[in-house]
Amino acid sequence: MKMSGLLNRRSTDLAGIVGALRQIPAGAPAPRRLGAKDVAVLDLNRTSAETARAVVDAGVAAVVHVPRSGEEMLPRAAYRILAGSTVPVIEDADLSDVPDGTRVRIDEGVVYALKSDDELATGREAGSATLLAEVDSAENAYVESALAHLANATEFLSIEHQLLLDGEGLPQIDVDFVDRHVLVVTGDEASKGQLADLKPFIREYRPVLVGVDGGAELLRAARLTADVVVATPTEVSEEVLTDAAVLVVPADRDGRAEGLERITDLGLGATTFPAAATARDMALLLAFHGGAEMIVTTGENRGLENAFGTSSAPSSTMVDTTVSARLVHADACSTLYRSRGAGIGLALLVLAALAAVAVVVVARDSAQDLLVWAVETWNSFALWVQGLFR
């Protein structure tokens, strides 16, 4: 896998591998036109085995692995697939901000812009032995992390099972969740974009809006008023605290809550929620035991990839299990409503076309013929529209 043996891929003027960058987003398939003159830039921690095989089969000039900042390696099959190939792999060369299609030269782990020969990123070559050793280490670390996480989650369950199962200890707040849709907005990096995508859902269902920590700031920035704010008072702005219809302050199980002095200084009322859970988990439990019909939550998708990482609280594993029957992630919800919107738009377009045809029929045929035609056409149209929502 050493680059010194790949003379057929070298520039005639300078040493190294030459190719055009092809950015492959996390979870995306390999581009169809990927080939030997391309350098694939991807995150192997989020690359499926199918995509990895497609990259290898395409005979790309090289692969540059760009993981998320601060993220631990995951034991994905993509590492083993590349380790068993002849495709050179470069690690620690961050090309995530380099535009797709940029022609580059890679020599001994350093990536240069081909046109100017400016250095774009510095990485290191990872041979087969290195990749296999890394993935073996990642497997051990992943399992150990899972065991520790599940042990902590089990301890949380032993402490808070009454809260989880029966809602014992929930604060009484003046918000009606019964048979309502609820949107819980967290302060995660992904929440801002997800909130924008959820606008059709919000317009149609007018859900109860719950802002969690920084998520309350996102709601206010989107000109939406939070019905409930679950946050430490010192972590959000004065405007968020004063605008909130109901303010819930997370507290330790002994009742101690940070930032209550600020609430007193502002002359506001607040309800404390003593529990060994995160603010997000408290929001979900309030909605669930309050009788919400559906709970949509923003933030990072809590799949197996990050289920046991440092960003995932052990309490969330048990809380998500508790509310799973009514829990929907924001990405899934926005996808559903984008599809609905497209179907409705198409239905209106067809209806307009039918009206235009009716005008023609009126001008040409008798009123009785028009009536028969209109009834038959409308029945067909109504059945078709019903099919959009099944």
# chains A, B, ... in the order shown; residues from 1 in each chain; ligands from 1
>>> residues_around(residues="Thr322 of chain A", least_positions_apart="5", cutoff="9 Å", atoms="only C-alpha atoms", output="PyMOL selection string")
chain A and resi 164-165+285+288+317
>>> write_last_selection(atoms="N, CA, C and O atoms", output="compact mmCIF listing (two decimals), in the first residue's frame")
# COMPACT_ATOMS: atom_id res chain seq x y z
N LEU A 164 -39.64 6.47 35.85
CA LEU A 164 -39.74 5.99 34.47
C LEU A 164 -41.05 5.26 34.22
O LEU A 164 -41.75 5.52 33.22
N LEU A 165 -41.42 4.36 35.11
CA LEU A 165 -42.58 3.51 34.87
C LEU A 165 -43.91 4.21 35.15
O LEU A 165 -44.88 4.04 34.40
N LEU A 285 -39.85 12.94 29.62
CA LEU A 285 -40.71 12.31 30.62
C LEU A 285 -41.93 13.18 30.94
O LEU A 285 -43.03 12.66 31.16
N PHE A 288 -44.24 12.55 27.96
CA PHE A 288 -44.74 11.17 27.90
C PHE A 288 -45.78 10.91 28.98
O PHE A 288 -46.90 10.46 28.70
N THR A 317 -30.55 6.39 27.71
CA THR A 317 -30.82 5.04 27.20
C THR A 317 -32.11 4.51 27.80
O THR A 317 -32.97 3.95 27.09
>>> select_by_dssp(residues="segment 97-178 of chain A", states="alpha helix (DSSP H)", output="PyMOL selection string")
chain A and resi 128-166
>>> write_last_selection(atoms="C-alpha atoms", output="PDB file, in the first residue's frame")
ATOM      1  CA  SER A 128      -2.893  -2.611   6.154  1.00  0.00           C
ATOM      2  CA  ALA A 129      -1.247  -3.552   9.449  1.00  0.00           C
ATOM      3  CA  THR A 130      -2.017  -0.130  10.908  1.00  0.00           C
ATOM      4  CA  LEU A 131      -5.671  -0.230   9.864  1.00  0.00           C
ATOM      5  CA  LEU A 132      -6.166  -3.735  11.257  1.00  0.00           C
ATOM      6  CA  ALA A 133      -4.493  -2.825  14.548  1.00  0.00           C
ATOM      7  CA  GLU A 134      -6.660   0.285  14.811  1.00  0.00           C
ATOM      8  CA  VAL A 135      -9.904  -1.560  14.201  1.00  0.00           C
ATOM      9  CA  ASP A 136      -8.972  -4.303  16.703  1.00  0.00           C
ATOM     10  CA  SER A 137      -8.272  -1.642  19.322  1.00  0.00           C
ATOM     11  CA  ALA A 138     -11.522   0.133  18.468  1.00  0.00           C
ATOM     12  CA  GLU A 139     -13.520  -3.080  18.925  1.00  0.00           C
ATOM     13  CA  ASN A 140     -12.133  -3.570  22.440  1.00  0.00           C
ATOM     14  CA  ALA A 141     -12.726   0.075  23.365  1.00  0.00           C
ATOM     15  CA  TYR A 142     -16.262   0.003  21.933  1.00  0.00           C
ATOM     16  CA  VAL A 143     -17.284  -3.063  23.926  1.00  0.00           C
ATOM     17  CA  GLU A 144     -15.731  -1.700  27.138  1.00  0.00           C
ATOM     18  CA  SER A 145     -17.536   1.613  26.616  1.00  0.00           C
ATOM     19  CA  ALA A 146     -20.836  -0.200  26.047  1.00  0.00           C
ATOM     20  CA  LEU A 147     -20.453  -2.286  29.191  1.00  0.00           C
ATOM     21  CA  ALA A 148     -19.667   0.776  31.298  1.00  0.00           C
ATOM     22  CA  HIS A 149     -22.544   2.726  29.761  1.00  0.00           C
ATOM     23  CA  LEU A 150     -25.077  -0.057  30.310  1.00  0.00           C
ATOM     24  CA  ALA A 151     -23.885  -0.540  33.890  1.00  0.00           C
ATOM     25  CA  ASN A 152     -24.530   3.143  34.569  1.00  0.00           C
ATOM     26  CA  ALA A 153     -27.880   2.955  32.760  1.00  0.00           C
ATOM     27  CA  THR A 154     -28.883  -0.010  34.941  1.00  0.00           C
ATOM     28  CA  GLU A 155     -27.895   1.918  38.059  1.00  0.00           C
ATOM     29  CA  PHE A 156     -30.062   4.829  36.877  1.00  0.00           C
ATOM     30  CA  LEU A 157     -32.942   2.404  36.362  1.00  0.00           C
ATOM     31  CA  SER A 158     -32.582   1.059  39.895  1.00  0.00           C
ATOM     32  CA  ILE A 159     -32.754   4.617  41.264  1.00  0.00           C
ATOM     33  CA  GLU A 160     -35.431   6.126  39.024  1.00  0.00           C
ATOM     34  CA  HIS A 161     -37.635   3.163  38.006  1.00  0.00           C
ATOM     35  CA  GLN A 162     -40.710   4.707  39.681  1.00  0.00           C
ATOM     36  CA  LEU A 163     -40.213   7.911  37.719  1.00  0.00           C
ATOM     37  CA  LEU A 164     -39.743   5.989  34.473  1.00  0.00           C
ATOM     38  CA  LEU A 165     -42.582   3.508  34.873  1.00  0.00           C
ATOM     39  CA  ASP A 166     -45.235   5.558  36.656  1.00  0.00           C
TER      40      ASP A 166
END
>>> atom_distance(atom1="atom CA of Gly19 of chain A", atom2="atom CA of Arg105 of chain A")
6.7 Å
>>> atom_distance(atom1="atom CA of Val63 of chain A", atom2="atom CA of Ile90 of chain A")
6.2 Å
>>> residues_around(residues="segment 34-38 of chain A", least_positions_apart="6", cutoff="7 Å", atoms="only C-alpha atoms", output="number ranges by chain")
A: 19-22, 58-61
